[in-house]
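Input: a single structure, listed below in structure tokens.
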Amino acid sequence: MTASLRSLGDAATTTASTFDGLLDSLDSLGQGKEVTTFSSNGHLVTAGTTSAGSPCARTCNLLSTIFPNITSQIGSPSYNQQETTYWSNQQAETQPTCRIQPQSALQVSASLLITKFFNCQFAVKSGGHAMFAGASNIQDGLTIDLANLNQIQVSQDRTLTNVGAGNRWVDVYSQLDQQQLSVIGGRVAGIGVGGLTLGGGISFFSGRHGLACDNVRNYEVVLANASIANVNHTSYPDLYFALRGGGNNFGIVTRFDLETFPQGPMWGGARTYPIAAAASLISAFDNFATNSPSDPDAALILAFYYYNGTYHGSTDMEYAHAVVDPAIFRELTGVASLASTTRIANLTDLTLEFEASNPSGFRETYFTATFKPSAVLEREILDIYVGEVEGIKDAEGLLPAVVFQPITKDIISYFSKNGGNALGIAESDGPLNLVDIAISWSSPSDDDRIMAAASSFIDRSTAAAKGMGLDYKFIYQNYAAQGQDVFDGYGEANKQRLIEISERYDPERVFQKLQPGYFKLEG
């Protein structure tokens with residue numbers, strides 16, 4: 001038993017057989033016995049018994065015994081450093097009892113076994129870019145931080161890239177750019193691979209390939225019983241469907257095997273406009289949403305934001321080839337801008353620019369809804385946005401934006417690939433307009449009124465869309481606020497199917513109860 005536990009703490013020698021020792025130890029702890037074992041540095045350590053401390057204190061005690069080099073207790077330098085890696089202050093201020101950074105899927109599995117045994121609640125972090133407290137960090141629980149699962153390996157035939165779930169997209173792109181390759185992933189450099197992909201994942205290349213979740217050929221997953229499975233359309237077609245949009249409800253994904261394609265330099269960047277150009281920008285956005293099938297290599301984001309007392313418009317235009325001002329954007333490029341960064345660049349460079357416009361260190365919220373494209377509705381939504389911002393514009397460090405993104409027919413056409421994803425959108429539903437209000441601010445004293453303004457914006461915009469017959473059920477998980485019911489937006493049939501798959505693979509409801517953060521199938 002001691003040899004098994006010692007090797008379990010060493011990623012280089014960890015094998016499935018080491019679970020015998022772990023299970024023996026857990027059985028002894030369950031009988032109230034002390035367990036004396038070797039830590040990975042060879043010292044004898046007493047793990048204690050189940051009778052002392054809170055469930056998460058006991059969890060952290062045993063994890064520190066077995067995995068001393070990758071477990072950090074509250075207040076330690078490594079713990080404090082890891083807490084600074086979250087995007088929003090709400091997440092960074094959340095304090096788990098301890099944090100662990102596994103170096104293999106087997107160590108993730110062992111961590112899950114231990115937290116289940118002691119009934120300690122946990123969270124899982126990939127990049128930590130979710131906004132609200134508890135999404136990928138947990139107060140007084142265990143945070144499993146996947147940062148050490150950072151492998152990136154391209155297959156010999158250059159059609160598949162194995163990507164550890166702890167990578168951020170900039171890590172992936174910086175390697176693939178050197179090989180003139182790419183995958184479908186995030187548009188902001190610091191976003192984690194795991195959360196974005198499990199929630200959908202819009203890419204600059206989605207018009208040509210679909211969402212990130214539509215381009216995962218295989219998932220390596222730690223299931224609720226702590227077994228490790230390779231999940232794909234052939235091996236587990238039901239679970240494969242669920243992971244394509246089902247979030248963190250089905251397991252801890254430790255590796256994504258991503259479809260890979262040739263990609264060289266491209267054109268893109270941001271342009272800023274006076275607010276007087278809003279009507280022209282909205283008209284061009286709607287025309288793009290309708291006409292994008294004529295050129296699926298183009299991607300567009302239209303936003304309006306308030307900064308330093310002034311409202312502005314902005315566009316992010318990207319094109320998959322090194323073509324300056326491509327024809328598909330002609331209507332937009334004809335609108336006079338105040339500033340422009342559009343240029344020939346690589347994907348890494350463009351995502352780093354996005355990162356600079358999404359700095360960490362602030363309080364953050366998103367709220368989202370999906371509507372049918374309509375210039376009349378979008379102008380009304382802009383008016384609603386301005387009205388809500390006027391009521392909070394004195395908040396310290398305020399930066400609010402309303403963002404429009406087309407979900408084009410091209411993008412939706414890939415949702416049925418390999419048995420379909422879980423999002424519940426049919427090609428006949430498109431094109432759609434994904435609307436998001438994104439607000440950052442500095443002071444916790446402004447939390448309540450800013451959250452109320454964001455919620456009111458969504459309620460009023462949805463009411464306006466319903467009044468015009470332009471509302472749509474879908475709520476995009478990666479932009480949703482904590483109180484929004486993401487899975488209702490997938491439709492009743494898909495939601496029920498996801499619940500049944502969850503019950504099949506997680507009958508004890510580990511990922512519903514012990515991992516309470518983020519979006520749960522039953523609310």
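Letters A, B, ... mark the chains of the structure tokens in the order given; residue numbers begin at 1 per chain; ligand numbers begin at 1, in order shown.
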**OP:** Apply DSSP to the structure's backbone, then extract all residues of segment 76-295 of chain A labelled strand (DSSP E) and return them as a PyMOL selection string.
**Re:** chain A and resi 98-100+122-125+142-145+152-154+160-164+181-182+216-222+228-231+252-259+261-262+266-274
Neighbour list for segment 358-373 of chain A as a PDB file with N, CA and C atoms, in the first residue's frame, cut-off 6 Å, only C-alpha atoms, skip fewer than 3 positions in-chain:
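Result file is selection-v5.pdb:
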ATOM      1  N   TRP A  87      -9.727  35.632 -14.250  1.00  0.00           N
ATOM      2  CA  TRP A  87     -10.006  36.856 -15.001  1.00  0.00           C
ATOM      3  C   TRP A  87     -10.791  37.858 -14.159  1.00  0.00           C
ATOM      4  N   SER A  88     -11.862  37.427 -13.515  1.00  0.00           N
ATOM      5  CA  SER A  88     -12.714  38.352 -12.766  1.00  0.00           C
ATOM      6  C   SER A  88     -12.331  38.379 -11.295  1.00  0.00           C
ATOM      7  N   ASN A  89     -12.536  39.535 -10.676  1.00  0.00           N
ATOM      8  CA  ASN A  89     -12.246  39.649  -9.249  1.00  0.00           C
ATOM      9  C   ASN A  89     -13.179  38.781  -8.418  1.00  0.00           C
ATOM     10  N   MET A 131     -17.005  34.413 -15.275  1.00  0.00           N
ATOM     11  CA  MET A 131     -17.128  35.684 -14.549  1.00  0.00           C
ATOM     12  C   MET A 131     -17.466  35.533 -13.081  1.00  0.00           C
ATOM     13  N   GLU A 355      -7.207  40.060 -26.102  1.00  0.00           N
ATOM     14  CA  GLU A 355      -6.865  39.960 -24.682  1.00  0.00           C
ATOM     15  C   GLU A 355      -6.655  41.352 -24.074  1.00  0.00           C
ATOM     16  N   LEU A 432     -29.063  33.918 -36.856  1.00  0.00           N
ATOM     17  CA  LEU A 432     -29.451  34.436 -35.550  1.00  0.00           C
ATOM     18  C   LEU A 432     -28.471  35.522 -35.123  1.00  0.00           C
ATOM     19  N   ASN A 433     -28.891  36.324 -34.166  1.00  0.00           N
ATOM     20  CA  ASN A 433     -28.048  37.384 -33.608  1.00  0.00           C
ATOM     21  C   ASN A 433     -27.834  37.098 -32.125  1.00  0.00           C
ATOM     22  N   LEU A 434     -26.604  36.793 -31.757  1.00  0.00           N
ATOM     23  CA  LEU A 434     -26.249  36.554 -30.361  1.00  0.00           C
ATOM     24  C   LEU A 434     -25.940  37.902 -29.717  1.00  0.00           C
ATOM     25  N   VAL A 435     -26.747  38.299 -28.738  1.00  0.00           N
ATOM     26  CA  VAL A 435     -26.627  39.608 -28.088  1.00  0.00           C
ATOM     27  C   VAL A 435     -26.092  39.411 -26.677  1.00  0.00           C
ATOM     28  N   ASP A 436     -25.122  40.238 -26.319  1.00  0.00           N
ATOM     29  CA  ASP A 436     -24.452  40.092 -25.023  1.00  0.00           C
ATOM     30  C   ASP A 436     -24.202  41.476 -24.452  1.00  0.00           C
ATOM     31  N   ILE A 437     -24.575  41.677 -23.190  1.00  0.00           N
ATOM     32  CA  ILE A 437     -24.130  42.872 -22.498  1.00  0.00           C
ATOM     33  C   ILE A 437     -22.978  42.460 -21.585  1.00  0.00           C
ATOM     34  N   ALA A 438     -21.854  43.135 -21.732  1.00  0.00           N
ATOM     35  CA  ALA A 438     -20.639  42.830 -20.972  1.00  0.00           C
ATOM     36  C   ALA A 438     -20.244  44.078 -20.196  1.00  0.00           C
ATOM     37  N   ILE A 439     -20.111  43.933 -18.873  1.00  0.00           N
ATOM     38  CA  ILE A 439     -19.805  45.088 -18.024  1.00  0.00           C
ATOM     39  C   ILE A 439     -18.658  44.734 -17.095  1.00  0.00           C
ATOM     40  N   SER A 440     -17.672  45.608 -17.023  1.00  0.00           N
ATOM     41  CA  SER A 440     -16.628  45.504 -16.000  1.00  0.00           C
ATOM     42  C   SER A 440     -16.651  46.766 -15.151  1.00  0.00           C
ATOM     43  N   TRP A 441     -16.287  46.612 -13.874  1.00  0.00           N
ATOM     44  CA  TRP A 441     -16.278  47.740 -12.939  1.00  0.00           C
ATOM     45  C   TRP A 441     -15.348  47.409 -11.787  1.00  0.00           C
ATOM     46  N   SER A 442     -15.139  48.361 -10.886  1.00  0.00           N
ATOM     47  CA  SER A 442     -14.087  48.204  -9.880  1.00  0.00           C
ATOM     48  C   SER A 442     -14.576  47.911  -8.472  1.00  0.00           C
ATOM     49  N   LEU A 470     -39.425  38.309 -32.967  1.00  0.00           N
ATOM     50  CA  LEU A 470     -38.026  38.025 -33.314  1.00  0.00           C
ATOM     51  C   LEU A 470     -37.260  37.363 -32.179  1.00  0.00           C
ATOM     52  N   ASP A 471     -37.950  36.924 -31.137  1.00  0.00           N
ATOM     53  CA  ASP A 471     -37.265  36.279 -30.016  1.00  0.00           C
ATOM     54  C   ASP A 471     -36.906  34.844 -30.385  1.00  0.00           C
ATOM     55  N   TYR A 472     -35.914  34.304 -29.667  1.00  0.00           N
ATOM     56  CA  TYR A 472     -35.455  32.934 -29.915  1.00  0.00           C
ATOM     57  C   TYR A 472     -34.988  32.361 -28.588  1.00  0.00           C
ATOM     58  N   PHE A 474     -32.555  30.267 -27.512  1.00  0.00           N
ATOM     59  CA  PHE A 474     -31.192  29.867 -27.169  1.00  0.00           C
ATOM     60  C   PHE A 474     -30.512  30.863 -26.239  1.00  0.00           C
ATOM     61  N   ILE A 475     -29.839  30.330 -25.194  1.00  0.00           N
ATOM     62  CA  ILE A 475     -28.999  31.124 -24.284  1.00  0.00           C
ATOM     63  C   ILE A 475     -27.598  30.527 -24.351  1.00  0.00           C
ATOM     64  N   TYR A 479     -21.628  33.021 -22.448  1.00  0.00           N
ATOM     65  CA  TYR A 479     -21.912  34.432 -22.140  1.00  0.00           C
ATOM     66  C   TYR A 479     -23.011  34.587 -21.088  1.00  0.00           C
ATOM     67  N   ALA A 480     -23.535  33.502 -20.562  1.00  0.00           N
ATOM     68  CA  ALA A 480     -24.695  33.578 -19.683  1.00  0.00           C
ATOM     69  C   ALA A 480     -24.318  34.043 -18.282  1.00  0.00           C
ATOM     70  N   ALA A 481     -25.227  34.748 -17.642  1.00  0.00           N
ATOM     71  CA  ALA A 481     -25.081  35.122 -16.242  1.00  0.00           C
ATOM     72  C   ALA A 481     -25.545  33.977 -15.365  1.00  0.00           C
TER      73      ALA A 481
END
Give me, as a PDB file with C-alpha atoms, in the first residue's frame, all polymer residues having an atom no more than 7 Å from Phe415 of chain A, counting only C-alpha atoms and skipping those fewer than 4 positions away in the same chain.
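Here's the written file around-v1.pdb:
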ATOM      1  CA  GLY A 210     -18.552  25.342 -36.949  1.00  0.00           C
ATOM      2  CA  ASP A 214     -18.191  20.535 -33.347  1.00  0.00           C
ATOM      3  CA  GLY A 420     -25.169  16.606 -33.558  1.00  0.00           C
ATOM      4  CA  ASN A 421     -24.383  18.922 -30.664  1.00  0.00           C
TER       5      ASN A 421
END
**OP:** Any chance you could list, as a list in words, the residues in segment 216-296 of chain A that come up helix (DSSP H, G or I) when DSSP is run on the backbone?
**Re:**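 Restricting segment 216-296 of chain A to helix (DSSP H, G or I) produces Pro237, Asp238, Leu239, Tyr240, Phe241, Ala242, Leu243, Ile275, Ala276, Ala277, Ala278, Ala279, Ser280, Leu281, Ile282, Ser283, Ala284, Phe285, Asp286, Asn287, Phe288, Ala289, Thr290, Asn291, Ser292, Pro293 and Ser294 of chain A.
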**OP:** Would you list the contacts of Gln153 of chain A as a list in words, taking every protein, DNA or RNA residue within 10 Å and counting only C-alpha atoms, but skipping same-chain residues closer than 4 positions in sequence?
**Re:**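 Using only C-alpha atoms, the neighbours found are Arg158, Leu160, Thr161, Asn162, Val163, Gly164, Val172, Gln175, Leu176 and Asp257 of chain A.
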Subject >> Which residue of A:Thr408, A:Ser416, A:Gln263, A:Ser502 approaches Gln179 of chain A most closely, using only C-alpha atoms >> reply: A:Gln263
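Atom CA of Leu211 of chain A is found 20.8 Å from atom CA of Asp286 of chain A.
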Subject >> Nearest-residue call for Tyr86 of chain A, choices A:Asn137, A:Ile66, A:Val154, A:Arg58, using only C-alpha atoms >> reply: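 Checking each candidate against Tyr86 of chain A, we get A:Asn137 as the closest.
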Subject >> Atomic separation - atom CA of Arg271 of chain A relative to atom CA of Gly201 of chain A, Å >> reply: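 For atom CA of Gly201 of chain A relative to atom CA of Arg271 of chain A, the distance reads 23.4 Å.
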Subject >> 7 Å contact set for segment 296-304 of chain A, only C-alpha atoms, chain neighbours under 3 positions out, as a VMD selection string >> reply: chain A and resid 204 to 205 207 to 208 292 to 293 312 to 320 401 to 405 410
